[in-house]
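A short worksheet on the structure shown next.
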Amino acid sequence: MSTQQQEQPDTQEAPADPEMKGAESPQQERLEKKEQGLAEAESVDESDVEGESVHLKVFRYDPEVSGKQEPRFDEFHVPFEKGMTVLDALIFARDEFDSSLTFRHSCRQAICGSDAFFINGSQRLGCKTQISALQQPIRVEPLPHQEVVKDLVVDMDHFYDQMHAVEPYFQQEDLPEGELEEQRQDRENREKVKMSTRCIWCGACMSSCNIAAGDNQYLGPAAINKAYKFAMDEREDEEIKEHRLRILEQEHGVWRCQTQFSCTEVCPKDIPLTEHIQELKREAVKKNLKFW
Amino acid sequence: MSQSYNRGLIEDFGRWKEFSAGMWAWIFHKFTGWMLIGYLFTHIAVLSTAIGAANGQMMMVGGEEVNVFTGTIQGLEGLFIVRVLEVGLLAVAVFHILNGVRLLMVDLGIGLESQDKSFYASLILTGAITVASVPTFLSGVGF
Ligand code: HEM
Ligand code: SF4
Ligand code: FES
């Protein structure tokens with residue numbers, strides 16, 4: 001991001017795709033709502049901040065430099081541009097002011113999941129958070145409840161371990177006959193797991209969870225959501241689903257969830273995490289209560 | 001990466017201003033649940049003076065001799081602070097019940113999209129019921 005972009009109009013705005021409107025599926029409604037939200041976010045005092053600078057307060061820590069071992073906040077003033085995201089501002093600060101400022105990012109379009117930060121007190125993707133929607137100074141910190149490796153970079157190993165703990169792969173043994181036969185999923189079933197498939201492994205949910213903070217072994221919302229995707233997939237046999245539920249109903253599984261909705265609130269992909277966890281709780285109970 | 005920094009829990013309670021509805025609901029529910037347990041013990045303690053009363057133990061209240069059960073209850077009810085605590089107990093119980101019903105709905109997966117609204121509704125209703133109860137609880141001491 002450089003200063004020449006000033007002339008470029010509206011590059012970051014959501015495309016007003018006419019084909020998306022009209023039809024009345026839940027997904028379309030969601031998209032419409034979202035676009036509205038986006039429009040609102042972007043209309044917030046855009047004229048006020050235009051031409052002004054963005055005031056960032058960024059958490060800094062570097063174990064390898066003796067003067068930086070004590071965590072502190074650095075302030076940056078970055079020129080504002082229309083459509084600027086927190087990630088854009090950080091990139092500007094790094095490229096123009098302090099090349100040692102460290103943070104992960106890649107896609108810049110909310111799909112790689114590498115830039116979840118703690119921005120103004122909540123877990124958000126830097127690339128999906130408009131500066132104009134935030135109060136200044138903008139406080140950018142690494143994700144809470146994870147060890148800080150350097151500046152905004154946290155250790156994600158534990159999060160990935162939990163994701164893998166739920167066996168996130170298809171385990172159906174009985175495959176359809178015929179060499180070219182596919183394992184088809186019907187539309188309703190696909191619709192049911194749709195939202196759960198959208199996880200980008202950003203770790204925002206886990207970081208926001210008060211229970212995960214206190215219980216390091218808790219699977220966490222993202223892993224449970226991942227398990228939901230497979231447990232609810234009807235192409236897997238009943239025994240495999242039971243096996244999945246056995247993993248989930250362990251001491252540090254679904255029953256740790258206290259329905260605080262923190263994860264659902266921060267998930268940048270709008271996955272109804274609490275809803276999925278609750279549904280798995282009910283599935284687990286149903287599995288164990290067999291009167292019929 | 002030889003070293004990393006554990007920020008611990010500093011970002012938790014210091015950030016109460018940023019807590020969301022569901023988080024507050026959880027904190028209040030825990031708090032009220034344990035308050036109710038605490039009350040249960042006081043309640044048992046007070047009621048158990050009935051054992052003494054059954055054995056004929058007596059005490060003096062305002063120059064009159066009454067049995068210990070009646071005396072204890074009358075003595076406590078005569079204290080302004082006890083009346084205030086009773087209002088508090090009602091508030092705690094009402095919130096716990098209303099939010100408890102909300103949590104049961106959440107467990108059943110009903111109305112998950114309005115979980116925050118139902119929390120605010122529990123709060124407002126608790127407030128209203130508490131205020132409405134004040135004249136009843138404070139009659140004879142404050143009012
Ligand atoms: C109609 C009355 C009540 C309802 C509907 C109710 C509902 C609930 C529910 C649903 C929970 C679970 C919360 C969760 O899922 O995290 C709970 C927790 C609890 N309740 Fe109640 N409750 C009621 C009365 C009481 C009473 C009378 C007491 C005390 C004597 C009490 C003490 C507690 C405690 C200690 C907890 C656990 C709090 C915690 O540490 O998480 N509740 N209640
Ligand atoms: S569930 Fe949402 S918040 Fe959690 S890791 Fe996946 S995308 Fe991120
Ligand atoms: S940079 Fe890829 S999700 Fe933000």
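The way I read the labels, and the way they are meant: chains A, B, ... in the order of the structure tokens, residue 1 as the first residue of every chain, and ligand 1 as the first ligand shown, with later ones counted on from there.
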Give me the residues within 7 Å of Phe76 of chain A as number ranges by chain, counting only C-alpha atoms and dropping any in the same chain fewer than 4 places off. A: 55-57, 93
Keeping only all heavy atoms, write those residues as a short mmCIF file (atom, residue, chain, number, x, y, z; two decimals), in the first residue's frame.
```cif
data_model
loop_
_atom_site.label_atom_id
_atom_site.label_comp_id
_atom_site.auth_asym_id
_atom_site.auth_seq_id
_atom_site.Cartn_x
_atom_site.Cartn_y
_atom_site.Cartn_z
N HIS A 55 -4.35 6.80 13.92
CA HIS A 55 -3.51 6.67 15.11
C HIS A 55 -3.56 5.22 15.61
O HIS A 55 -4.59 4.76 16.07
CB HIS A 55 -4.01 7.63 16.19
CG HIS A 55 -3.16 7.65 17.40
ND1 HIS A 55 -3.48 8.36 18.53
CD2 HIS A 55 -1.99 7.03 17.68
CE1 HIS A 55 -2.54 8.19 19.45
NE2 HIS A 55 -1.63 7.38 18.97
N LEU A 56 -2.43 4.52 15.46
CA LEU A 56 -2.37 3.12 15.88
C LEU A 56 -1.52 2.99 17.13
O LEU A 56 -0.49 3.65 17.26
CB LEU A 56 -1.70 2.26 14.80
CG LEU A 56 -2.38 2.02 13.47
CD1 LEU A 56 -1.41 1.27 12.56
CD2 LEU A 56 -3.65 1.21 13.64
N LYS A 57 -1.96 2.10 18.02
CA LYS A 57 -1.11 1.74 19.16
C LYS A 57 -0.88 0.25 19.04
O LYS A 57 -1.82 -0.53 19.16
CB LYS A 57 -1.82 2.02 20.47
CG LYS A 57 -1.80 3.46 20.89
CD LYS A 57 -2.57 3.59 22.17
CE LYS A 57 -1.95 4.67 23.05
NZ LYS A 57 -2.73 4.85 24.28
N ALA A 93 2.70 1.04 8.23
CA ALA A 93 3.59 1.34 9.36
C ALA A 93 4.88 0.53 9.25
O ALA A 93 5.97 1.05 9.50
CB ALA A 93 2.89 1.03 10.67
#
```
Please tabulate, as a tab-separated table, the residues of chain A that come within 8 Å of chain B, each with its closest pair of atoms and the distance in Å to one decimal, counting only C-alpha atoms and ordering rows by chain, then residue number upward.
```
residue	atom	partner	partner_atom	distance
A:Pro63	CA	B:Gln3	CA	6.2
A:Gly121	CA	B:Glu18	CA	6.3
A:Ser122	CA	B:Glu18	CA	7.6
A:Pro144	CA	B:Glu11	CA	6.9
A:His145	CA	B:Gly8	CA	6.7
A:Gln146	CA	B:Asn6	CA	7.0
A:Glu147	CA	B:Asn6	CA	4.8
A:Val148	CA	B:Tyr5	CA	4.9
A:Val149	CA	B:Ser4	CA	4.7
A:Lys150	CA	B:Ser4	CA	7.4
A:Gln258	CA	B:Trp26	CA	7.4
A:Thr259	CA	B:Gly22	CA	7.2
A:Gln260	CA	B:Gly22	CA	4.4
A:Phe261	CA	B:Gly22	CA	5.5
A:Ser262	CA	B:Gly22	CA	6.9
A:Glu275	CA	B:Gly109	CA	6.6
A:Gln278	CA	B:Asp107	CA	6.1
A:Glu279	CA	B:Gly109	CA	7.1
A:Arg282	CA	B:Leu108	CA	7.8
```
Might you pull out every residue within 10 Å of His164 of chain A, with only C-alpha atoms counted and same-chain residues fewer than 5 positions away left off, and present them as an MDAnalysis selection string? chainID A and resid 158:159 169 219 223 226:227
Using the selection just defined, write its residues with all heavy atoms as a PDB file, in the first residue's frame.
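File produced: selection-v1.pdb:
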```
ATOM      1  N   HIS A 158      -0.866 -24.886  19.603  1.00  0.00           N
ATOM      2  CA  HIS A 158      -1.892 -25.503  20.425  1.00  0.00           C
ATOM      3  C   HIS A 158      -3.242 -25.505  19.711  1.00  0.00           C
ATOM      4  O   HIS A 158      -3.963 -26.496  19.713  1.00  0.00           O
ATOM      5  CB  HIS A 158      -1.998 -24.769  21.762  1.00  0.00           C
ATOM      6  CG  HIS A 158      -3.068 -25.314  22.646  1.00  0.00           C
ATOM      7  ND1 HIS A 158      -3.063 -26.610  23.103  1.00  0.00           N
ATOM      8  CD2 HIS A 158      -4.207 -24.763  23.121  1.00  0.00           C
ATOM      9  CE1 HIS A 158      -4.139 -26.819  23.831  1.00  0.00           C
ATOM     10  NE2 HIS A 158      -4.856 -25.722  23.855  1.00  0.00           N
ATOM     11  N   PHE A 159      -3.540 -24.381  19.060  1.00  0.00           N
ATOM     12  CA  PHE A 159      -4.790 -24.288  18.302  1.00  0.00           C
ATOM     13  C   PHE A 159      -4.839 -25.365  17.210  1.00  0.00           C
ATOM     14  O   PHE A 159      -5.843 -26.073  17.050  1.00  0.00           O
ATOM     15  CB  PHE A 159      -4.912 -22.887  17.692  1.00  0.00           C
ATOM     16  CG  PHE A 159      -6.101 -22.705  16.791  1.00  0.00           C
ATOM     17  CD1 PHE A 159      -7.380 -22.595  17.324  1.00  0.00           C
ATOM     18  CD2 PHE A 159      -5.948 -22.656  15.408  1.00  0.00           C
ATOM     19  CE1 PHE A 159      -8.483 -22.440  16.488  1.00  0.00           C
ATOM     20  CE2 PHE A 159      -7.037 -22.498  14.573  1.00  0.00           C
ATOM     21  CZ  PHE A 159      -8.307 -22.392  15.115  1.00  0.00           C
ATOM     22  N   TYR A 169     -11.044 -35.475   9.067  1.00  0.00           N
ATOM     23  CA  TYR A 169     -10.968 -36.036   7.712  1.00  0.00           C
ATOM     24  C   TYR A 169     -12.092 -37.049   7.551  1.00  0.00           C
ATOM     25  O   TYR A 169     -12.586 -37.635   8.521  1.00  0.00           O
ATOM     26  CB  TYR A 169      -9.608 -36.691   7.463  1.00  0.00           C
ATOM     27  CG  TYR A 169      -9.059 -37.428   8.665  1.00  0.00           C
ATOM     28  CD1 TYR A 169      -9.481 -38.728   8.949  1.00  0.00           C
ATOM     29  CD2 TYR A 169      -8.155 -36.813   9.534  1.00  0.00           C
ATOM     30  CE1 TYR A 169      -8.999 -39.399  10.064  1.00  0.00           C
ATOM     31  CE2 TYR A 169      -7.681 -37.474  10.659  1.00  0.00           C
ATOM     32  CZ  TYR A 169      -8.113 -38.773  10.915  1.00  0.00           C
ATOM     33  OH  TYR A 169      -7.659 -39.423  12.025  1.00  0.00           O
ATOM     34  N   LEU A 219     -11.226 -28.441  23.710  1.00  0.00           N
ATOM     35  CA  LEU A 219     -11.081 -28.510  22.254  1.00  0.00           C
ATOM     36  C   LEU A 219     -11.243 -27.137  21.609  1.00  0.00           C
ATOM     37  O   LEU A 219     -10.541 -26.798  20.659  1.00  0.00           O
ATOM     38  CB  LEU A 219     -12.128 -29.459  21.676  1.00  0.00           C
ATOM     39  CG  LEU A 219     -11.885 -30.956  21.871  1.00  0.00           C
ATOM     40  CD1 LEU A 219     -13.091 -31.748  21.391  1.00  0.00           C
ATOM     41  CD2 LEU A 219     -10.632 -31.407  21.144  1.00  0.00           C
ATOM     42  N   ALA A 223     -12.402 -26.307  16.690  1.00  0.00           N
ATOM     43  CA  ALA A 223     -12.252 -27.755  16.547  1.00  0.00           C
ATOM     44  C   ALA A 223     -13.603 -28.446  16.646  1.00  0.00           C
ATOM     45  O   ALA A 223     -13.895 -29.386  15.891  1.00  0.00           O
ATOM     46  CB  ALA A 223     -11.294 -28.287  17.602  1.00  0.00           C
ATOM     47  N   LYS A 226     -15.323 -27.975  13.495  1.00  0.00           N
ATOM     48  CA  LYS A 226     -14.737 -28.862  12.480  1.00  0.00           C
ATOM     49  C   LYS A 226     -15.333 -30.266  12.637  1.00  0.00           C
ATOM     50  O   LYS A 226     -15.722 -30.911  11.656  1.00  0.00           O
ATOM     51  CB  LYS A 226     -13.215 -28.855  12.667  1.00  0.00           C
ATOM     52  CG  LYS A 226     -12.408 -29.715  11.783  1.00  0.00           C
ATOM     53  CD  LYS A 226     -12.106 -29.240  10.384  1.00  0.00           C
ATOM     54  CE  LYS A 226     -12.060 -27.789  10.072  1.00  0.00           C
ATOM     55  NZ  LYS A 226     -12.047 -27.500   8.637  1.00  0.00           N
ATOM     56  N   ALA A 227     -15.457 -30.719  13.878  1.00  0.00           N
ATOM     57  CA  ALA A 227     -16.040 -32.032  14.143  1.00  0.00           C
ATOM     58  C   ALA A 227     -17.508 -32.065  13.703  1.00  0.00           C
ATOM     59  O   ALA A 227     -17.992 -33.078  13.198  1.00  0.00           O
ATOM     60  CB  ALA A 227     -15.930 -32.367  15.623  1.00  0.00           C
TER      61      ALA A 227
END
```
Glu167 of chain A environment, 12 Å, only C-alpha atoms, sequence neighbours closer than 3 positions dropped, as a VMD selection string: chain A and resid 160 to 164 170 to 171 219 223 to 231 240 to 241 243 to 248
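The gap separating atom 27 (C, counted along the ligand's line) of ligand 1 from atom CA of Gln74 of chain B is 24.0 Å, in Å to one decimal.
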Just the residues within 9 Å of Asn67 of chain B, please, counting only C-alpha atoms, with nothing from its chain fewer than 5 positions along; format it as a PDB file with N, CA and C atoms, in the first residue's frame.
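The resulting selection.pdb:
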```pdb
ATOM      1  N   ALA B  50     -35.642 -23.798  64.991  1.00  0.00           N
ATOM      2  CA  ALA B  50     -36.903 -24.470  65.311  1.00  0.00           C
ATOM      3  C   ALA B  50     -36.647 -25.708  66.176  1.00  0.00           C
ATOM      4  N   GLY B  52     -34.430 -25.872  68.593  1.00  0.00           N
ATOM      5  CA  GLY B  52     -34.389 -25.331  69.943  1.00  0.00           C
ATOM      6  C   GLY B  52     -35.785 -25.012  70.444  1.00  0.00           C
ATOM      7  N   ALA B  53     -36.572 -24.395  69.556  1.00  0.00           N
ATOM      8  CA  ALA B  53     -37.936 -24.015  69.946  1.00  0.00           C
ATOM      9  C   ALA B  53     -38.740 -25.242  70.323  1.00  0.00           C
ATOM     10  N   ALA B  54     -38.551 -26.326  69.567  1.00  0.00           N
ATOM     11  CA  ALA B  54     -39.289 -27.545  69.857  1.00  0.00           C
ATOM     12  C   ALA B  54     -38.890 -28.110  71.221  1.00  0.00           C
ATOM     13  N   GLY B  56     -38.288 -26.281  73.702  1.00  0.00           N
ATOM     14  CA  GLY B  56     -38.759 -25.367  74.734  1.00  0.00           C
ATOM     15  C   GLY B  56     -37.809 -24.236  75.078  1.00  0.00           C
ATOM     16  N   GLN B  57     -36.792 -24.007  74.214  1.00  0.00           N
ATOM     17  CA  GLN B  57     -35.872 -22.897  74.488  1.00  0.00           C
ATOM     18  C   GLN B  57     -36.573 -21.565  74.257  1.00  0.00           C
ATOM     19  N   MET B  58     -36.356 -20.615  75.154  1.00  0.00           N
ATOM     20  CA  MET B  58     -37.010 -19.324  75.018  1.00  0.00           C
ATOM     21  C   MET B  58     -35.965 -18.216  74.958  1.00  0.00           C
ATOM     22  N   MET B  59     -36.392 -17.021  74.472  1.00  0.00           N
ATOM     23  CA  MET B  59     -35.499 -15.858  74.501  1.00  0.00           C
ATOM     24  C   MET B  59     -36.331 -14.595  74.640  1.00  0.00           C
ATOM     25  N   MET B  60     -35.647 -13.468  74.896  1.00  0.00           N
ATOM     26  CA  MET B  60     -36.379 -12.223  75.110  1.00  0.00           C
ATOM     27  C   MET B  60     -36.307 -11.356  73.852  1.00  0.00           C
ATOM     28  N   THR B  72     -35.740 -15.389  66.861  1.00  0.00           N
ATOM     29  CA  THR B  72     -34.688 -15.200  65.852  1.00  0.00           C
ATOM     30  C   THR B  72     -35.250 -14.542  64.613  1.00  0.00           C
TER      31      THR B  72
END
```
Could you go through chain B and tell me which residues DSSP, when run on the backbone, assigns to alpha helix (DSSP H), listing them as a PyMOL selection string? chain B and resi 21-47+49-54+68-77+80-108+115-138
Pick from A:Asp233, A:Asp88, A:Asp157, A:Asp115: nearest to ligand 3, with only C-alpha atoms and all ligand atoms counted?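 Checking each candidate against ligand 3, we get A:Asp115 as the closest.
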Please check which protein, DNA or RNA residues sit within 7 Å of ligand 1, counting only C-alpha atoms and all ligand atoms, and write them as a list in words.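 Those residues are Gln258 of chain A; Trp26, His29, Lys30, Gly33, Trp34, Leu36, Ile37, Leu40, His96, Ile97, Leu98, Gly100, Val101, Leu103 and Leu104 of chain B.
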Mind dumping a table of every chain A residue within 10 Å of ligand 2, with the nearest atom pair and its distance in Å to one decimal, using only C-alpha atoms and all ligand atoms, sorted by chain and rising number, as a tab-separated table?
```
residue	atom	partner	partner_atom_place_in_ligand_line	distance
A:Ala110	CA	ligand 2	7 (S)	9.1
A:Ile111	CA	ligand 2	7 (S)	8.7
A:Cys112	CA	ligand 2	7 (S)	9.5
A:Gly113	CA	ligand 2	8 (Fe)	6.7
A:Ser114	CA	ligand 2	8 (Fe)	9.4
A:Ala116	CA	ligand 2	8 (Fe)	7.9
A:Gln123	CA	ligand 2	3 (S)	8.3
A:Arg124	CA	ligand 2	3 (S)	8.4
A:Leu125	CA	ligand 2	8 (Fe)	8.8
A:Phe159	CA	ligand 2	5 (S)	8.7
A:Tyr160	CA	ligand 2	5 (S)	9.7
A:Met163	CA	ligand 2	5 (S)	9.2
A:Met195	CA	ligand 2	1 (S)	9.5
A:Ser196	CA	ligand 2	1 (S)	7.7
A:Thr197	CA	ligand 2	6 (Fe)	8.9
A:Arg198	CA	ligand 2	7 (S)	6.6
A:Cys199	CA	ligand 2	6 (Fe)	3.6
A:Ile200	CA	ligand 2	7 (S)	4.4
A:Trp201	CA	ligand 2	5 (S)	3.8
A:Cys202	CA	ligand 2	8 (Fe)	4.0
A:Gly203	CA	ligand 2	5 (S)	4.0
A:Ala204	CA	ligand 2	3 (S)	4.3
A:Cys205	CA	ligand 2	3 (S)	4.0
A:Met206	CA	ligand 2	4 (Fe)	6.3
A:Ser207	CA	ligand 2	3 (S)	8.6
A:Ser208	CA	ligand 2	3 (S)	8.7
A:Gly220	CA	ligand 2	4 (Fe)	8.7
A:Pro221	CA	ligand 2	4 (Fe)	6.4
A:Ala222	CA	ligand 2	1 (S)	4.3
A:Ala223	CA	ligand 2	1 (S)	7.9
A:Ile224	CA	ligand 2	1 (S)	8.9
A:Asn225	CA	ligand 2	1 (S)	6.7
A:Lys226	CA	ligand 2	1 (S)	8.1
A:Ser262	CA	ligand 2	3 (S)	9.9
A:Cys263	CA	ligand 2	3 (S)	6.5
A:Thr264	CA	ligand 2	3 (S)	7.5
A:Glu265	CA	ligand 2	3 (S)	8.7
A:Val266	CA	ligand 2	3 (S)	6.1
A:Cys267	CA	ligand 2	3 (S)	3.6
A:Pro268	CA	ligand 2	2 (Fe)	5.6
A:Lys269	CA	ligand 2	7 (S)	5.2
A:Asp270	CA	ligand 2	2 (Fe)	6.7
A:Ile271	CA	ligand 2	2 (Fe)	5.9
A:Pro272	CA	ligand 2	1 (S)	8.4
A:Leu273	CA	ligand 2	1 (S)	6.6
```
Just to confirm, what's the straight-line distance from atom CA of Gln136 of chain A to atom CA of Asn120 of chain A in Å (one decimal)? 8.8 Å
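In this model, the gap between atom CA of Glu238 of chain A and atom CA of Phe291 of chain A comes to 17.6 Å.
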